[in-house]
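> Structure file my_file10.cif (mmCIF, C-alpha atoms) is given on the next line.
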data_final
#
loop_
_atom_site.label_atom_id
_atom_site.label_comp_id
_atom_site.auth_asym_id
_atom_site.auth_seq_id
_atom_site.Cartn_x
_atom_site.Cartn_y
_atom_site.Cartn_z
CA MET A 97 102.60 85.68 111.86
CA HIS A 98 102.66 82.42 113.82
CA VAL A 99 106.40 82.98 114.35
CA TYR A 100 105.36 85.63 116.89
CA ALA A 101 102.70 83.47 118.56
CA ASN A 102 105.17 82.83 121.37
CA PRO A 103 104.96 85.82 123.78
CA ALA A 104 108.67 85.47 124.75
CA ARG A 105 109.72 85.67 121.08
CA PHE A 106 107.35 88.61 120.53
CA LEU A 107 108.75 90.48 123.56
CA LYS A 108 112.33 89.99 122.34
CA ILE A 109 111.43 91.95 119.20
CA ALA A 110 108.90 94.34 120.80
CA ARG A 111 111.33 95.74 123.44
CA PRO A 112 113.82 97.40 121.04
CA LEU A 113 111.06 98.29 118.54
CA THR A 114 109.10 100.24 121.19
CA ALA A 115 112.02 102.62 121.76
CA TRP A 116 112.92 102.95 118.05
CA PHE A 117 109.34 103.64 116.97
CA GLY A 118 108.77 106.04 119.88
CA TRP A 119 111.87 108.19 119.43
CA ILE A 120 111.91 108.29 115.61
CA GLY A 121 108.16 109.01 115.63
CA ALA A 122 108.52 111.84 118.17
CA ALA A 123 111.42 113.41 116.20
CA LEU A 124 109.49 113.26 112.92
CA ILE A 125 106.36 114.75 114.54
CA ALA A 126 108.37 117.60 116.13
CA GLY A 127 110.10 118.46 112.84
CA ALA A 128 106.98 118.16 110.66
CA LEU A 129 104.73 120.16 113.00
CA ALA A 130 107.33 122.92 113.49
CA TYR A 131 107.66 123.18 109.71
CA GLY A 132 103.89 123.03 109.19
CA LEU A 133 103.20 125.64 111.84
CA LEU A 134 106.01 128.11 111.08
CA LEU A 135 107.43 127.58 107.57
CA ALA A 136 104.84 125.97 105.28
CA PRO A 137 102.89 128.46 103.12
CA PRO A 138 99.21 129.17 103.85
CA ASP A 139 96.67 127.65 101.46
CA TYR A 140 95.58 129.99 98.64
CA LEU A 141 91.89 129.32 99.41
CA GLN A 142 91.67 128.34 103.08
CA GLY A 143 94.46 130.61 104.35
CA GLU A 144 96.29 129.91 107.62
CA SER A 145 93.72 127.38 108.93
CA ALA A 146 95.11 124.81 106.45
CA ARG A 147 98.00 124.34 108.92
CA ILE A 148 95.60 122.11 110.91
CA LEU A 149 96.07 119.65 108.01
CA TYR A 150 99.36 118.42 109.55
CA ILE A 151 97.58 116.98 112.59
CA HIS A 152 94.05 116.39 111.30
CA VAL A 153 94.97 114.11 108.38
CA PRO A 154 97.37 111.82 110.36
CA ALA A 155 94.75 111.55 113.13
CA ALA A 156 92.06 110.57 110.58
CA TRP A 157 94.41 108.06 108.96
CA LEU A 158 95.27 106.48 112.33
CA GLY A 159 91.63 106.36 113.44
CA MET A 160 90.84 104.28 110.34
CA ALA A 161 94.11 102.31 110.35
CA GLY A 162 93.49 101.43 114.01
CA TRP A 163 90.15 99.79 113.24
CA THR A 164 91.73 98.01 110.24
CA GLY A 165 94.28 96.62 112.72
CA ILE A 166 91.46 95.53 115.07
CA ALA A 167 89.67 93.78 112.17
CA VAL A 168 92.86 91.93 111.12
CA ALA A 169 93.58 90.93 114.75
CA SER A 170 89.96 89.76 115.13
CA LEU A 171 90.23 87.62 112.00
CA MET A 172 93.51 86.11 113.22
CA GLN A 173 91.92 85.36 116.58
CA LEU A 174 88.77 83.76 115.14
CA VAL A 175 90.32 81.82 112.26
CA TRP A 176 93.86 80.92 113.39
CA ARG A 177 93.39 81.35 117.16
CA HIS A 178 96.59 83.40 117.31
CA PRO A 179 97.36 83.82 121.04
CA LEU A 180 98.48 87.46 120.73
CA ALA A 181 95.65 88.60 118.42
CA ALA A 182 93.18 89.45 121.22
CA VAL A 183 95.95 91.28 123.12
CA ALA A 184 96.79 93.27 119.96
CA GLY A 185 93.12 94.16 119.33
CA ARG A 186 92.67 95.45 122.88
CA ALA A 187 95.99 97.36 122.70
CA ILE A 188 94.93 99.17 119.50
CA ALA A 189 91.46 100.20 120.76
CA VAL A 190 92.36 103.07 123.13
CA PRO A 191 94.95 104.79 120.85
CA GLY A 192 92.52 104.33 117.92
CA ALA A 193 89.75 106.03 119.91
CA VAL A 194 92.06 108.87 121.00
CA PHE A 195 93.21 109.60 117.42
CA THR A 196 89.61 109.45 116.15
CA PHE A 197 88.68 112.00 118.83
CA VAL A 198 91.66 114.19 117.81
CA CYS A 199 90.51 113.95 114.17
CA LEU A 200 86.98 115.08 115.09
CA ALA A 201 88.16 117.88 117.42
CA THR A 202 90.75 119.29 115.00
CA GLY A 203 88.32 118.96 112.09
CA SER A 204 85.76 120.93 114.07
CA LEU A 205 88.36 123.65 114.83
CA TRP A 206 89.25 123.74 111.13
CA GLY A 207 85.58 123.92 110.13
CA ARG A 208 84.72 127.07 112.08
CA PRO A 209 87.03 129.52 110.21
CA THR A 210 86.77 127.61 106.90
CA TRP A 211 83.06 126.68 106.66
CA GLY A 212 81.63 128.97 109.32
CA THR A 213 80.48 126.07 111.53
CA TYR A 214 82.05 123.70 114.07
CA TRP A 215 79.85 120.78 113.02
CA GLU A 216 77.69 119.61 110.15
CA TRP A 217 75.99 116.22 109.83
CA ASP A 218 77.73 115.43 106.55
CA GLY A 219 78.75 111.94 105.47
CA ARG A 220 82.45 112.10 106.41
CA MET A 221 81.99 113.74 109.82
CA THR A 222 79.05 111.53 110.82
CA SER A 223 80.81 108.30 109.80
CA MET A 224 83.92 109.36 111.79
CA LEU A 225 81.71 110.03 114.82
CA VAL A 226 80.22 106.53 114.36
CA LEU A 227 83.82 105.19 114.34
CA LEU A 228 84.48 106.86 117.71
CA PHE A 229 81.32 105.25 119.16
CA LEU A 230 82.42 101.87 117.73
CA TYR A 231 85.79 102.23 119.50
CA LEU A 232 84.08 103.09 122.81
CA ALA A 233 81.74 100.10 122.45
CA TYR A 234 84.71 97.82 121.60
CA ILE A 235 86.64 99.01 124.69
CA ALA A 236 83.61 98.44 126.95
CA LEU A 237 82.89 95.01 125.41
CA ALA A 238 86.53 93.88 125.63
CA GLY A 239 86.73 94.96 129.28
CA ALA A 240 83.47 93.22 130.21
CA GLU A 241 84.40 90.00 128.38
CA LYS A 242 87.87 89.88 129.96
CA GLU A 243 86.41 90.47 133.41
CA LYS A 244 84.11 87.46 132.96
CA GLY A 245 87.08 85.31 131.88
CA GLY A 246 85.98 85.02 128.24
CA GLU A 247 88.35 84.42 125.30
CA GLY A 248 87.28 87.64 123.59
CA ARG A 249 85.40 85.94 120.74
CA ILE A 250 82.36 88.25 120.98
CA THR A 251 84.70 91.27 120.97
CA ALA A 252 86.49 89.84 117.91
CA ILE A 253 83.19 89.37 116.05
CA PHE A 254 82.30 92.98 116.91
CA GLY A 255 85.73 94.07 115.62
CA LEU A 256 85.06 92.38 112.29
CA VAL A 257 81.47 93.63 111.92
CA GLY A 258 82.55 97.20 112.80
CA ALA A 259 84.92 97.20 109.81
CA ILE A 260 81.86 97.80 107.59
CA ASN A 261 82.15 101.47 108.62
CA LEU A 262 85.63 101.82 107.00
CA PRO A 263 84.52 101.86 103.32
CA ILE A 264 81.63 104.15 104.33
CA ILE A 265 84.18 106.67 105.73
CA ARG A 266 86.48 106.25 102.73
CA TYR A 267 83.80 106.74 100.06
CA SER A 268 81.53 109.16 101.98
CA VAL A 269 82.96 112.13 100.04
CA VAL A 270 82.28 110.29 96.75
CA TRP A 271 78.80 108.93 97.51
CA TRP A 272 77.41 112.12 99.09
CA ASN A 273 78.13 115.63 97.82
CA THR A 274 78.42 117.35 101.20
CA LEU A 275 80.54 119.89 103.05
CA HIS A 276 83.77 117.91 103.61
CA GLN A 277 86.29 118.27 100.80
CA GLY A 278 87.03 115.36 98.48
CA GLN A 279 90.11 113.18 98.34
CA SER A 280 93.38 115.12 97.88
CA ILE A 281 95.82 112.19 97.85
CA ASP A 282 95.32 109.01 95.80
CA ILE A 283 97.74 106.45 97.23
CA VAL A 284 96.79 103.74 94.67
CA GLN A 285 97.51 105.95 91.65
CA GLY A 286 100.28 107.93 93.40
CA ARG A 287 98.62 111.28 92.67
CA SER A 288 98.13 114.32 94.87
CA SER A 289 96.50 117.73 94.38
CA ILE A 290 98.52 119.16 97.32
CA ASP A 291 101.58 121.29 96.52
CA ALA A 292 104.95 119.68 97.40
CA SER A 293 105.69 122.42 99.98
CA MET A 294 102.69 121.19 101.99
CA LEU A 295 102.73 117.52 100.96
CA TRP A 296 106.18 116.61 102.36
CA PRO A 297 105.60 117.90 105.90
CA LEU A 298 102.20 116.17 105.81
CA LEU A 299 103.79 112.83 104.83
CA ALA A 300 106.51 113.28 107.51
CA SER A 301 103.86 114.05 110.13
CA ALA A 302 101.75 111.02 109.06
CA LEU A 303 104.80 108.74 109.25
CA GLY A 304 105.82 110.17 112.64
CA PHE A 305 102.35 109.74 114.17
CA THR A 306 102.14 106.21 112.69
CA LEU A 307 105.45 105.20 114.31
CA LEU A 308 104.36 106.70 117.64
CA PHE A 309 101.03 104.87 117.35
CA GLY A 310 103.01 101.63 116.80
CA ALA A 311 105.13 102.35 119.90
CA ILE A 312 101.99 103.00 122.01
CA VAL A 313 100.38 99.74 120.81
CA LEU A 314 103.58 97.82 121.67
CA MET A 315 103.69 99.45 125.13
CA ARG A 316 100.07 98.45 125.79
CA MET A 317 100.67 94.89 124.55
CA ARG A 318 103.74 94.56 126.79
CA ALA A 319 101.77 95.89 129.78
CA GLU A 320 98.95 93.39 129.20
CA LEU A 321 101.37 90.47 128.75
CA ALA A 322 103.18 91.45 131.97
CA ARG A 323 99.88 91.67 133.88
CA SER A 324 98.85 88.21 132.55
CA LYS A 325 102.21 86.78 133.64
CA LEU A 326 101.78 88.38 137.05
CA GLU A 327 98.25 86.98 137.51
CA ALA A 328 99.39 83.48 136.45
CA ARG A 329 102.32 83.58 138.88
CA MET A 330 100.07 84.80 141.73
CA ARG A 331 97.61 81.96 141.01
CA ARG A 332 100.45 79.40 141.08
CA MET A 333 101.79 80.84 144.35
CA ALA A 334 98.30 80.79 145.91
CA ALA A 335 97.77 77.17 144.80
CA SER A 336 101.10 75.92 146.19
CA MET B 207 88.37 136.11 111.03
CA ASN B 208 91.72 135.44 112.74
CA HIS B 209 92.58 131.76 112.14
CA TRP B 210 95.42 131.48 114.68
CA PRO B 211 93.33 130.83 117.85
CA PHE B 212 91.77 127.84 116.03
CA ILE B 213 95.18 126.59 114.85
CA ILE B 214 96.68 126.89 118.34
CA ALA B 215 93.66 125.13 119.91
CA ALA B 216 93.87 122.27 117.36
CA TYR B 217 97.63 121.76 117.95
CA ALA B 218 97.10 121.91 121.73
CA VAL B 219 94.35 119.23 121.59
CA ALA B 220 96.52 116.96 119.42
CA LEU B 221 99.72 117.37 121.45
CA ILE B 222 98.05 117.02 124.87
CA ALA B 223 96.11 113.92 123.75
CA THR B 224 99.16 112.29 122.11
CA SER B 225 101.64 113.04 124.91
CA GLY B 226 99.11 112.06 127.60
CA LEU B 227 98.36 108.76 125.90
CA THR B 228 102.08 108.03 125.39
CA TRP B 229 102.92 108.81 129.03
CA TRP B 230 99.97 106.75 130.35
CA SER B 231 100.88 103.72 128.18
CA TRP B 232 104.60 103.98 129.07
CA ALA B 233 103.87 104.29 132.82
CA ALA B 234 101.45 101.32 132.75
CA MET B 235 104.04 99.21 130.88
CA ARG B 236 106.88 100.15 133.26
CA ARG B 237 104.72 99.44 136.31
CA ALA B 238 103.50 96.03 135.05
CA GLU B 239 106.97 94.89 133.91
CA GLY B 240 108.50 96.20 137.16
CA GLU B 241 106.05 94.14 139.21
CA VAL B 242 106.93 91.00 137.21
CA ASP B 243 110.66 91.62 137.77
CA GLN B 244 110.08 92.24 141.48
CA LEU B 245 108.08 89.01 141.85
CA ARG B 246 110.79 87.07 139.97
CA GLN B 247 113.47 88.41 142.34
CA ASP B 248 111.38 87.64 145.43
CA SER B 249 110.61 84.05 144.45
#
Give the structure from this file in structure tokens form.


Amino acid sequence: MHVYANPARFLKIARPLTAWFGWIGAALIAGALAYGLLLAPPDYLQGESARILYIHVPAAWLGMAGWTGIAVASLMQLVWRHPLAAVAGRAIAVPGAVFTFVCLATGSLWGRPTWGTYWEWDGRMTSMLVLLFLYLAYIALAGAEKEKGGEGRITAIFGLVGAINLPIIRYSVVWWNTLHQGQSIDIVQGRSSIDASMLWPLLASALGFTLLFGAIVLMRMRAELARSKLEARMRRMAAS
Amino acid sequence: MNHWPFIIAAYAVALIATSGLTWWSWAAMRRAEGEVDQLRQDS
């Protein structure tokens, strides 16, 4: 990863990747959601409301993947002092929070026709709500630390400590027998209880949203690097 | 119960949030990089 420690080298790769990730992601999302909304069969038990699956599951995955990214960036910042790690952590925080919010909102809209309630304090829903609060705290902390001219070490420590919530979310449906359904896809063992007619659009949607998430993170990193460059140039001009 | 109002609301939330975030991030990036280019041309 130290190959990309140089911002100029990183930008050379990030510029074309932003467009590729953005356009391929948008095309995959459009195709998968159109299929999921109009062509995929309704679930035999949940009926039509199962179509929310195609947005709810990718949003949940990205909410958790986003914090995993923050934890990795925090570790790289604290241990290897990677110059772009703090920028990456801050760039992930807002999209991560947005997708966690989308997960909670779509889950709530799924819950009403399926369970008869918008909200229940069950293990999975509560731990996802905690994740949203962690994102909001991270964004506030990162902003405050940057404003005071800090290196972002406290934010990085918070990013690492917050990762403790990830296994709680993952295993909440195993540890507590509550309202949220159990795991349908086992990535490690390559097994799924979802029918292929619903699984493929779900995988396409998850891949599309992941690519778009990557494009958004790259855009935010590029914006922050440009602003840093601008501030440094202004300081040099003011000094001379 | 008719499920479609819930499905439409869920898709609307997801698409508005995703497209809004994408547009905001793209506009911020374009503005910041544009200012750097402008400053480079001026100096």

> Given a cut-off of 10 Å, which residues of chain A touch chain B, counting only C-alpha atoms, written out as a PyMOL selection string?

chain A and resi 114+118+122+125+129+133+142-152+155+187+190-191+194-195+197-199+201-210+212+305+308-309+311-327+329-330+333

> Near segment 217-224 of chain A, counting all atoms listed in the file, which residues have an atom at most 6 Å away, once you skip same-chain residues fewer than 4 positions from it, shown as a list in words?

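In the requested format, the answer is Ile265, Ser268 and Thr274 of chain A.
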
> Using the file's own x, y and z axes, what box holds all listed atoms of segment 137-143 of chain A with 5 Å on each side, keeping edges along x, y and z, and what are its centre and edge lengths in Å to one decimal, as JSON?


{"center_x": 97.3, "center_y": 129.1, "center_z": 101.5, "size_x": 21.2, "size_y": 13.0, "size_z": 15.7}

> Return as an MDAnalysis selection string the set of residues that the PyMOL selection byres ((chain A and resi 230) around 10) yields on the displayed structure.

chainID A and resid 163 189 193 224:229 231:236 254:255 258:259 261

> Okay, now the selection with C-alpha atoms, as a PDB file, keeping the file's coordinate frame?


ATOM      1  CA  TRP A 163      90.150  99.790 113.240  1.00  0.00           C
ATOM      2  CA  ALA A 189      91.460 100.200 120.760  1.00  0.00           C
ATOM      3  CA  ALA A 193      89.750 106.030 119.910  1.00  0.00           C
ATOM      4  CA  MET A 224      83.920 109.360 111.790  1.00  0.00           C
ATOM      5  CA  LEU A 225      81.710 110.030 114.820  1.00  0.00           C
ATOM      6  CA  VAL A 226      80.220 106.530 114.360  1.00  0.00           C
ATOM      7  CA  LEU A 227      83.820 105.190 114.340  1.00  0.00           C
ATOM      8  CA  LEU A 228      84.480 106.860 117.710  1.00  0.00           C
ATOM      9  CA  PHE A 229      81.320 105.250 119.160  1.00  0.00           C
ATOM     10  CA  TYR A 231      85.790 102.230 119.500  1.00  0.00           C
ATOM     11  CA  LEU A 232      84.080 103.090 122.810  1.00  0.00           C
ATOM     12  CA  ALA A 233      81.740 100.100 122.450  1.00  0.00           C
ATOM     13  CA  TYR A 234      84.710  97.820 121.600  1.00  0.00           C
ATOM     14  CA  ILE A 235      86.640  99.010 124.690  1.00  0.00           C
ATOM     15  CA  ALA A 236      83.610  98.440 126.950  1.00  0.00           C
ATOM     16  CA  PHE A 254      82.300  92.980 116.910  1.00  0.00           C
ATOM     17  CA  GLY A 255      85.730  94.070 115.620  1.00  0.00           C
ATOM     18  CA  GLY A 258      82.550  97.200 112.800  1.00  0.00           C
ATOM     19  CA  ALA A 259      84.920  97.200 109.810  1.00  0.00           C
ATOM     20  CA  ASN A 261      82.150 101.470 108.620  1.00  0.00           C
TER      21      ASN A 261
END

> Excluding same-chain residues fewer than 4 positions from Ala128 of chain A, what lies within 7 Å of it counting only C-alpha atoms, as an NGL selection string?

:A and (124 or 132 or 297 or 300-301)

> Between atom CA of Asp139 of chain A and atom CA of Met294 of chain A, what distance in Å does the model show, to one decimal?

8.8 Å

> What separation in Å, quoted to one decimal, exists between atom CA of Gln247 of chain B and atom CA of Ile109 of chain A?

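For atom CA of Gln247 of chain B relative to atom CA of Ile109 of chain A, the distance reads 23.5 Å.
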
> Mind giving me the straight-line distance from atom CA of Pro263 of chain A to atom CA of Leu158 of chain A in Å, one decimal?

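Value for the atom CA of Pro263 of chain A-atom CA of Leu158 of chain A distance: 14.8 Å.
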
> So that I can see what lies close to Ala169 of chain A, please list as number ranges by chain the residues with an atom at most 12 Å from it, counting all atoms listed in the file and leaving out residues fewer than 6 positions away in the same chain.

A: 97, 162-163, 175-189, 248-249, 251-256, 259

> For the selection you just gave me, I'd like the residues written to a file as an mmCIF file, keeping the file's coordinate frame, keeping C-alpha atoms.


data_model
loop_
_atom_site.group_PDB
_atom_site.id
_atom_site.type_symbol
_atom_site.label_atom_id
_atom_site.label_comp_id
_atom_site.auth_asym_id
_atom_site.auth_seq_id
_atom_site.Cartn_x
_atom_site.Cartn_y
_atom_site.Cartn_z
ATOM 1 C CA MET A 97 102.600 85.680 111.860
ATOM 2 C CA GLY A 162 93.490 101.430 114.010
ATOM 3 C CA TRP A 163 90.150 99.790 113.240
ATOM 4 C CA VAL A 175 90.320 81.820 112.260
ATOM 5 C CA TRP A 176 93.860 80.920 113.390
ATOM 6 C CA ARG A 177 93.390 81.350 117.160
ATOM 7 C CA HIS A 178 96.590 83.400 117.310
ATOM 8 C CA PRO A 179 97.360 83.820 121.040
ATOM 9 C CA LEU A 180 98.480 87.460 120.730
ATOM 10 C CA ALA A 181 95.650 88.600 118.420
ATOM 11 C CA ALA A 182 93.180 89.450 121.220
ATOM 12 C CA VAL A 183 95.950 91.280 123.120
ATOM 13 C CA ALA A 184 96.790 93.270 119.960
ATOM 14 C CA GLY A 185 93.120 94.160 119.330
ATOM 15 C CA ARG A 186 92.670 95.450 122.880
ATOM 16 C CA ALA A 187 95.990 97.360 122.700
ATOM 17 C CA ILE A 188 94.930 99.170 119.500
ATOM 18 C CA ALA A 189 91.460 100.200 120.760
ATOM 19 C CA GLY A 248 87.280 87.640 123.590
ATOM 20 C CA ARG A 249 85.400 85.940 120.740
ATOM 21 C CA THR A 251 84.700 91.270 120.970
ATOM 22 C CA ALA A 252 86.490 89.840 117.910
ATOM 23 C CA ILE A 253 83.190 89.370 116.050
ATOM 24 C CA PHE A 254 82.300 92.980 116.910
ATOM 25 C CA GLY A 255 85.730 94.070 115.620
ATOM 26 C CA LEU A 256 85.060 92.380 112.290
ATOM 27 C CA ALA A 259 84.920 97.200 109.810
#
